[in-house]
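K.L.:
Next comes the structure file model32.cif, holding mmCIF, C-alpha atoms.
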```cif
data_data
#
loop_
_atom_site.label_atom_id
_atom_site.label_comp_id
_atom_site.auth_asym_id
_atom_site.auth_seq_id
_atom_site.Cartn_x
_atom_site.Cartn_y
_atom_site.Cartn_z
CA MET R 62 81.31 93.41 124.23
CA LEU R 63 81.01 97.12 123.62
CA ASN R 64 83.53 96.91 120.79
CA LEU R 65 81.61 94.24 118.86
CA GLN R 66 80.84 95.66 115.44
CA ILE R 67 78.23 93.55 113.66
CA ILE R 68 77.99 94.12 109.92
CA TYR R 69 75.20 91.64 109.21
CA GLU R 70 73.04 89.17 111.08
CA ASP R 71 70.20 86.82 110.23
CA ASP R 72 69.02 83.48 111.61
CA VAL R 73 72.03 81.63 110.16
CA LEU R 74 74.89 84.10 109.71
CA LEU R 75 76.63 86.73 111.77
CA VAL R 76 79.39 88.90 110.30
CA CYS R 77 81.72 91.09 112.34
CA ASN R 78 84.28 93.77 111.61
CA LYS R 79 87.17 92.62 113.80
CA PRO R 80 89.48 95.28 115.20
CA ALA R 81 93.22 94.76 114.94
CA GLY R 82 94.76 93.44 118.15
CA LEU R 83 91.92 91.01 118.87
CA MET R 84 92.27 87.28 118.27
CA VAL R 85 89.48 85.44 116.44
CA GLU R 86 89.50 82.36 118.68
CA PRO R 87 90.77 81.52 122.18
CA ASP R 88 94.41 80.64 122.75
CA ARG R 89 96.20 78.92 125.61
CA ASN R 90 96.74 82.25 127.38
CA ASN R 91 93.03 83.15 127.43
CA HIS R 92 93.51 86.41 125.56
CA PRO R 93 90.31 88.31 124.68
CA ASN R 94 88.88 86.96 121.44
CA LEU R 95 86.14 87.67 118.96
CA LEU R 96 84.46 84.28 119.30
CA GLN R 97 83.86 84.85 123.02
CA GLN R 98 82.56 88.37 122.37
CA VAL R 99 80.07 86.96 119.85
CA LYS R 100 79.00 84.24 122.30
CA ASN R 101 78.45 86.85 125.01
CA TYR R 102 76.38 88.93 122.60
CA LEU R 103 74.21 85.93 121.69
CA LYS R 104 73.79 84.98 125.36
CA GLU R 105 72.37 88.41 126.06
CA LYS R 106 70.24 88.45 122.94
CA THR R 107 68.73 84.96 123.22
CA GLY R 108 68.94 84.15 126.91
CA ASP R 109 70.68 80.89 126.02
CA ASN R 110 73.70 80.38 128.28
CA ASN R 111 75.47 78.23 125.69
CA PRO R 112 74.52 79.44 122.20
CA TYR R 113 76.06 77.74 119.18
CA VAL R 114 78.29 79.91 117.03
CA GLN R 115 81.35 79.06 114.95
CA HIS R 116 83.71 81.12 112.80
CA LEU R 117 84.29 79.93 109.23
CA HIS R 118 87.75 81.43 108.77
CA ARG R 119 90.34 83.41 110.69
CA LEU R 120 92.25 86.68 110.51
CA ASP R 121 95.61 87.29 112.12
CA ARG R 122 95.45 89.07 115.44
CA VAL R 123 97.15 92.15 113.93
CA THR R 124 94.76 92.26 110.95
CA SER R 125 91.34 93.95 110.99
CA GLY R 126 88.21 93.27 108.98
CA ILE R 127 85.50 90.78 108.09
CA VAL R 128 84.99 87.56 110.02
CA LEU R 129 82.04 85.28 109.20
CA PHE R 130 80.24 83.13 111.77
CA THR R 131 77.36 80.68 111.54
CA LYS R 132 74.80 80.41 114.33
CA GLN R 133 73.40 77.07 113.16
CA LYS R 134 75.55 73.94 113.16
CA GLU R 135 73.59 72.35 110.32
CA TYR R 136 75.02 74.93 107.91
CA LEU R 137 78.63 74.66 109.06
CA ARG R 138 79.58 72.01 106.52
CA THR R 139 78.02 73.80 103.54
CA LEU R 140 79.73 77.05 104.44
CA SER R 141 83.06 75.38 105.20
CA GLU R 142 82.98 73.68 101.80
CA GLN R 143 82.62 77.06 100.09
CA PHE R 144 85.90 78.13 101.67
CA ALA R 145 87.63 74.79 101.03
CA GLU R 146 86.58 74.77 97.38
CA ARG R 147 87.54 78.44 96.89
CA GLN R 148 84.03 79.53 96.02
CA VAL R 149 84.35 82.49 98.39
CA SER R 150 85.71 85.82 97.15
CA LYS R 151 87.97 87.64 99.61
CA TYR R 152 89.25 91.19 99.23
CA TYR R 153 91.74 93.16 101.32
CA ILE R 154 93.43 96.53 101.40
CA ALA R 155 96.98 97.15 102.62
CA LEU R 156 99.49 99.97 102.92
CA THR R 157 103.21 99.77 102.16
CA ASN R 158 105.93 102.37 101.89
CA LYS R 159 107.32 100.82 98.72
CA ALA R 160 105.73 100.07 95.35
CA PRO R 161 106.23 96.91 93.29
CA GLU R 162 107.66 97.06 89.78
CA LYS R 163 104.18 96.41 88.35
CA THR R 164 101.20 98.35 89.70
CA VAL R 165 98.83 95.57 88.57
CA GLY R 166 99.82 91.96 88.91
CA VAL R 167 99.46 88.43 90.22
CA LEU R 168 101.68 86.84 92.86
CA GLU R 169 102.03 83.06 92.89
CA HIS R 170 104.37 81.24 95.24
CA TRP R 171 104.87 77.99 97.09
CA HIS R 172 104.20 78.55 100.77
CA ARG R 173 104.97 76.69 103.95
CA LYS R 174 104.30 77.47 107.61
CA GLU R 175 107.33 77.15 109.86
CA LYS R 176 106.54 77.61 113.55
CA LYS R 177 104.91 81.05 113.82
CA LYS R 178 106.05 82.38 110.46
CA ALA R 179 105.33 81.68 106.79
CA VAL R 180 108.12 81.13 104.28
CA LEU R 181 108.12 80.93 100.50
CA VAL R 182 109.95 77.90 99.16
CA PRO R 183 110.80 76.24 95.82
CA GLU R 184 108.16 74.13 94.12
CA GLY R 185 108.36 70.55 95.28
CA THR R 186 109.40 71.43 98.83
CA GLU R 187 107.84 69.09 101.38
CA TYR R 188 104.54 70.37 102.82
CA ALA R 189 104.54 73.40 100.51
CA GLU R 190 101.23 74.66 99.12
CA LYS R 191 100.50 76.93 96.16
CA THR R 192 99.39 80.47 96.95
CA LYS R 193 97.92 83.12 94.69
CA LEU R 194 96.68 86.69 94.96
CA GLU R 195 95.90 89.52 92.54
CA TYR R 196 96.62 93.15 93.27
CA THR R 197 96.47 96.73 92.07
CA VAL R 198 98.55 99.48 93.67
CA LYS R 199 98.31 103.25 93.64
CA ARG R 200 100.14 106.00 95.51
CA ASN R 201 98.38 107.41 98.54
CA ASP R 202 100.24 110.42 99.94
CA ASN R 203 103.51 109.04 101.34
CA TYR R 204 102.45 105.41 101.01
CA PHE R 205 101.04 102.93 98.52
CA LEU R 206 97.52 101.53 98.77
CA TRP R 207 97.00 97.94 97.67
CA HIS R 208 93.69 96.39 96.63
CA ILE R 209 94.08 92.63 96.89
CA GLN R 210 91.94 89.68 95.88
CA LEU R 211 93.04 86.61 97.80
CA HIS R 212 92.58 83.38 95.84
CA THR R 213 94.07 81.11 98.51
CA GLY R 214 93.97 81.64 102.24
CA LYS R 215 97.21 80.37 103.75
CA TYR R 216 98.91 81.35 106.99
CA HIS R 217 100.21 84.96 106.76
CA GLN R 218 99.86 84.67 102.99
CA ILE R 219 99.44 88.33 102.02
CA ARG R 220 102.08 89.39 104.51
CA VAL R 221 104.78 87.02 103.27
CA GLN R 222 103.97 87.44 99.56
CA LEU R 223 104.18 91.24 99.68
CA ALA R 224 107.36 91.06 101.74
CA SER R 225 108.86 88.71 99.13
CA ILE R 226 108.78 91.53 96.56
CA ASP R 227 110.29 93.99 99.03
CA CYS R 228 106.93 95.56 99.94
CA PRO R 229 106.29 94.58 103.58
CA ILE R 230 103.03 95.86 105.04
CA LEU R 231 103.34 98.89 107.31
CA GLY R 232 103.95 97.81 110.88
CA ASP R 233 104.66 94.19 110.00
CA GLU R 234 108.02 93.81 111.72
CA LEU R 235 107.83 90.02 111.44
CA TYR R 236 108.17 90.32 107.67
CA GLY R 237 110.62 93.18 107.47
CA SER R 238 108.72 96.45 107.95
CA ILE R 239 110.81 99.11 109.68
CA ILE R 240 107.93 101.59 109.87
CA THR R 241 105.63 101.62 112.87
CA TYR R 242 101.88 101.64 112.30
CA LYS R 243 99.75 101.16 115.42
CA PRO R 244 100.17 99.05 118.56
CA ASN R 245 99.29 95.38 117.90
CA ALA R 246 98.28 96.18 114.32
CA ILE R 247 99.54 96.16 110.76
CA ALA R 248 98.07 98.06 107.81
CA LEU R 249 96.03 95.14 106.47
CA HIS R 250 92.22 95.09 106.45
CA ALA R 251 89.76 92.48 105.13
CA THR R 252 87.30 94.72 103.32
CA GLU R 253 84.92 92.43 101.46
CA LEU R 254 83.67 88.84 101.51
CA ILE R 255 81.31 87.29 98.97
CA ILE R 256 79.60 83.97 99.67
CA GLN R 257 76.52 82.02 98.64
CA HIS R 258 73.92 82.18 101.39
CA PRO R 259 73.36 78.58 102.59
CA VAL R 260 69.58 79.01 102.82
CA THR R 261 68.63 81.24 99.89
CA ASN R 262 71.55 80.16 97.64
CA GLN R 263 71.84 83.79 96.60
CA GLU R 264 75.16 85.59 96.41
CA ILE R 265 75.61 87.89 99.37
CA ILE R 266 78.28 90.57 99.72
CA PHE R 267 79.64 91.73 103.08
CA GLU R 268 81.71 94.91 103.37
CA ALA R 269 83.65 96.00 106.44
CA PRO R 270 83.97 99.74 107.08
CA ILE R 271 87.59 100.82 107.12
CA GLY R 272 87.09 102.43 110.53
CA GLY R 273 90.44 102.65 112.30
CA PHE R 274 92.40 101.73 109.18
CA GLU R 275 94.38 104.86 108.34
CA ILE R 276 94.91 105.64 104.68
#
```
Starting from the file, lay out its structure as structure tokens.
P.N.:
Amino acid sequence: MLNLQIIYEDDVLLVCNKPAGLMVEPDRNNHPNLLQQVKNYLKEKTGDNNPYVQHLHRLDRVTSGIVLFTKQKEYLRTLSEQFAERQVSKYYIALTNKAPEKTVGVLEHWHRKEKKKAVLVPEGTEYAEKTKLEYTVKRNDNYFLWHIQLHTGKYHQIRVQLASIDCPILGDELYGSIITYKPNAIALHATELIIQHPVTNQEIIFEAPIGGFEI
């Protein structure tokens, strides 16, 4: 509860800056999760013992940054459709210890989830889906800082795509990083989310402070 960092809240939306190491939703092992923290916050705020709240997307446990919730079920479909139809703009930052050949570029691959890992496969592979991101990279002391716009939101997408060009994210041992970062964290942070507000229909921009993300 004390760690809940709310970026924005109105009658319909609630936006949090999730710390690395915290799951977004419950799992079978009942690990602490952001959804339960938000429910506890709303219980205290409203006095309702069972307040409605639902996340619209997820971040990996080891990733920090913006997570969007709705507090009113009637807007869940409209908001979900924005994500499904790729009308939402999503931006991330990441750190690697290697630089790609091009400091500005686009990565497009065919992606498939296999158990608890993502793999990139040839076009036409069964169950494969197209993935795309844009990036710019610049040196930052001993590392390289990536600014990423995510056009598709597949399982471990940024992690596997950067690893595929020999630039695994710091701390991401699953995808080949040999450099430690922080416990239960990798150097990947969801910095910005742009949606259309379901009530006003106006574009609204959410930004997550970098906080514990070390550059």
K.L.:
Which residues match the PyMOL selection byres ((chain R and resi 194-201) around 8) in the file above, as a list in words?
P.N.:
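Matching residues under the PyMOL selection byres ((chain R and resi 194-201) around 8) are Ala160, Thr164, Val165, Gly166, Val167, Leu168, Glu169, Thr192, Lys193, Asp202, Asn203, Tyr204, Phe205, Leu206, Trp207, His208, Ile209, Gln210, Leu211, His212, Thr213, Ile219 and Ile276 of chain R.
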K.L.:
Expand the PyMOL selection byres ((chain R and resi 151) around 8) into the explicit residue set it covers here, and present it as a list in words.
P.N.:
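Selection result, ordered by chain and number: Val149, Ser150, Tyr152, Tyr153, Gln210, Leu211, His212, Ala251, Glu253, Leu254 and Ile255 of chain R.
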K.L.:
Compare R:Thr186, R:Asn245, R:Gln133, R:Gln97 by their minimum atom-to-atom distance to Leu74 of chain R, counting all atoms listed in the file, and give me the closest one.
P.N.:
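Closest to Leu74 of chain R of all the choices is R:Gln133.
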K.L.:
Which residue gives the smallest distance to Asp71 of chain R among R:Ala145, R:Arg173, R:Leu231, R:Phe130, with all atoms listed in the file counted?
P.N.:
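When distances to Asp71 of chain R are compared using all atoms listed in the file, the smallest one comes from R:Phe130.
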K.L.:
Return the single residue from R:Val260, R:Ala179, R:Leu103, R:Ile265 that is closest to Ser225 of chain R, with distances computed using all atoms listed in the file.
P.N.:
R:Ala179
K.L.:
Which residue, R:Pro161, R:Gly82, R:Pro93, R:Pro87, has the smallest gap to Cys228 of chain R when you use only C-alpha atoms?
P.N.:
R:Pro161
K.L.:
What residues have an atom no more than 12 Å from (105.9, 103.1, 110.3) in the file's own frame, counting all atoms listed in the file, and can you write them as a PyMOL selection string?
P.N.:
chain R and resi 156-159+203-204+229-234+237-244+246-248+275
K.L.:
Excluding Glu142 of chain R and its own-chain neighbours fewer than 4 positions away, which residues fall within 12 Å of it when counting only C-alpha atoms? Please give them as a ChimeraX atom specification.
P.N.:
/R:117-118,136-138,146-149,256-257,259
K.L.:
Ranking R:Leu235, R:Val128, R:Val99, R:Leu223 by minimum distance to Asn64 of chain R and counting all atoms listed in the file, which one comes first?
P.N.:
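Distance minimum relative to Asn64 of chain R lands on R:Val99.
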K.L.:
What gap, in Å, lies between atom CA of Tyr69 of chain R and atom CA of Ala155 of chain R?
P.N.:
23.4 Å
K.L.:
Rounded to one decimal place, report the atom CA of Pro183 of chain R-atom CA of Gly214 of chain R distance in Å.
P.N.:
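Going from atom CA of Pro183 of chain R over to atom CA of Gly214 of chain R, I get 18.8 Å.
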K.L.:
For a cut-off of 10 Å around (81.2, 101.0, 103.6), file coordinates, pick out all residues using all atoms listed in the file and list them as a short mmCIF file (atom, residue, chain, number, x, y, z; two decimals) with C-alpha atoms, keeping the file's coordinate frame.
P.N.:
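Written output follows (result.cif):
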```
data_model
loop_
_atom_site.label_atom_id
_atom_site.label_comp_id
_atom_site.auth_asym_id
_atom_site.auth_seq_id
_atom_site.Cartn_x
_atom_site.Cartn_y
_atom_site.Cartn_z
CA ILE R 68 77.99 94.12 109.92
CA THR R 252 87.30 94.72 103.32
CA GLU R 253 84.92 92.43 101.46
CA PHE R 267 79.64 91.73 103.08
CA GLU R 268 81.71 94.91 103.37
CA ALA R 269 83.65 96.00 106.44
CA PRO R 270 83.97 99.74 107.08
CA ILE R 271 87.59 100.82 107.12
CA GLY R 272 87.09 102.43 110.53
#
```
K.L.:
Return as a ChimeraX atom specification the set of residues that the PyMOL selection byres ((chain R and resi 216) around 10) yields on the displayed structure.
P.N.:
/R:119-121,172-175,177-180,213-215,217-221
K.L.:
Let me see the file: selected residues, C-alpha atoms, as a PDB file, in the coordinates of the input.
P.N.:
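The resulting file, result.pdb, is reproduced below:
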```
ATOM      1  CA  ARG R 119      90.340  83.410 110.690  1.00  0.00           C
ATOM      2  CA  LEU R 120      92.250  86.680 110.510  1.00  0.00           C
ATOM      3  CA  ASP R 121      95.610  87.290 112.120  1.00  0.00           C
ATOM      4  CA  HIS R 172     104.200  78.550 100.770  1.00  0.00           C
ATOM      5  CA  ARG R 173     104.970  76.690 103.950  1.00  0.00           C
ATOM      6  CA  LYS R 174     104.300  77.470 107.610  1.00  0.00           C
ATOM      7  CA  GLU R 175     107.330  77.150 109.860  1.00  0.00           C
ATOM      8  CA  LYS R 177     104.910  81.050 113.820  1.00  0.00           C
ATOM      9  CA  LYS R 178     106.050  82.380 110.460  1.00  0.00           C
ATOM     10  CA  ALA R 179     105.330  81.680 106.790  1.00  0.00           C
ATOM     11  CA  VAL R 180     108.120  81.130 104.280  1.00  0.00           C
ATOM     12  CA  THR R 213      94.070  81.110  98.510  1.00  0.00           C
ATOM     13  CA  GLY R 214      93.970  81.640 102.240  1.00  0.00           C
ATOM     14  CA  LYS R 215      97.210  80.370 103.750  1.00  0.00           C
ATOM     15  CA  HIS R 217     100.210  84.960 106.760  1.00  0.00           C
ATOM     16  CA  GLN R 218      99.860  84.670 102.990  1.00  0.00           C
ATOM     17  CA  ILE R 219      99.440  88.330 102.020  1.00  0.00           C
ATOM     18  CA  ARG R 220     102.080  89.390 104.510  1.00  0.00           C
ATOM     19  CA  VAL R 221     104.780  87.020 103.270  1.00  0.00           C
TER      20      VAL R 221
END
```
K.L.:
So the first atom is atom CA of Lys132 of chain R and the second is atom CA of Glu105 of chain R; what is the distance between them in Å, to one decimal place?
P.N.:
14.4 Å
K.L.:
Step by step, gather every atom of segment 109-128 of chain R that the file lists, find the box along x, y and z that holds them, add 4 Å on each side, and finally give centre and edge lengths in Å to one decimal, as lines of an AutoDock Vina configuration file.
P.N.:
```
center_x = 83.9
center_y = 85.8
center_z = 118.2
size_x = 34.5
size_y = 24.2
size_z = 28.2
```
K.L.:
Closest to Thr261 of chain R among R:Asn110, R:Val73, R:Ile67, R:Tyr236, using only C-alpha atoms?
P.N.:
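For Thr261 of chain R, the nearest of the candidates is R:Val73.
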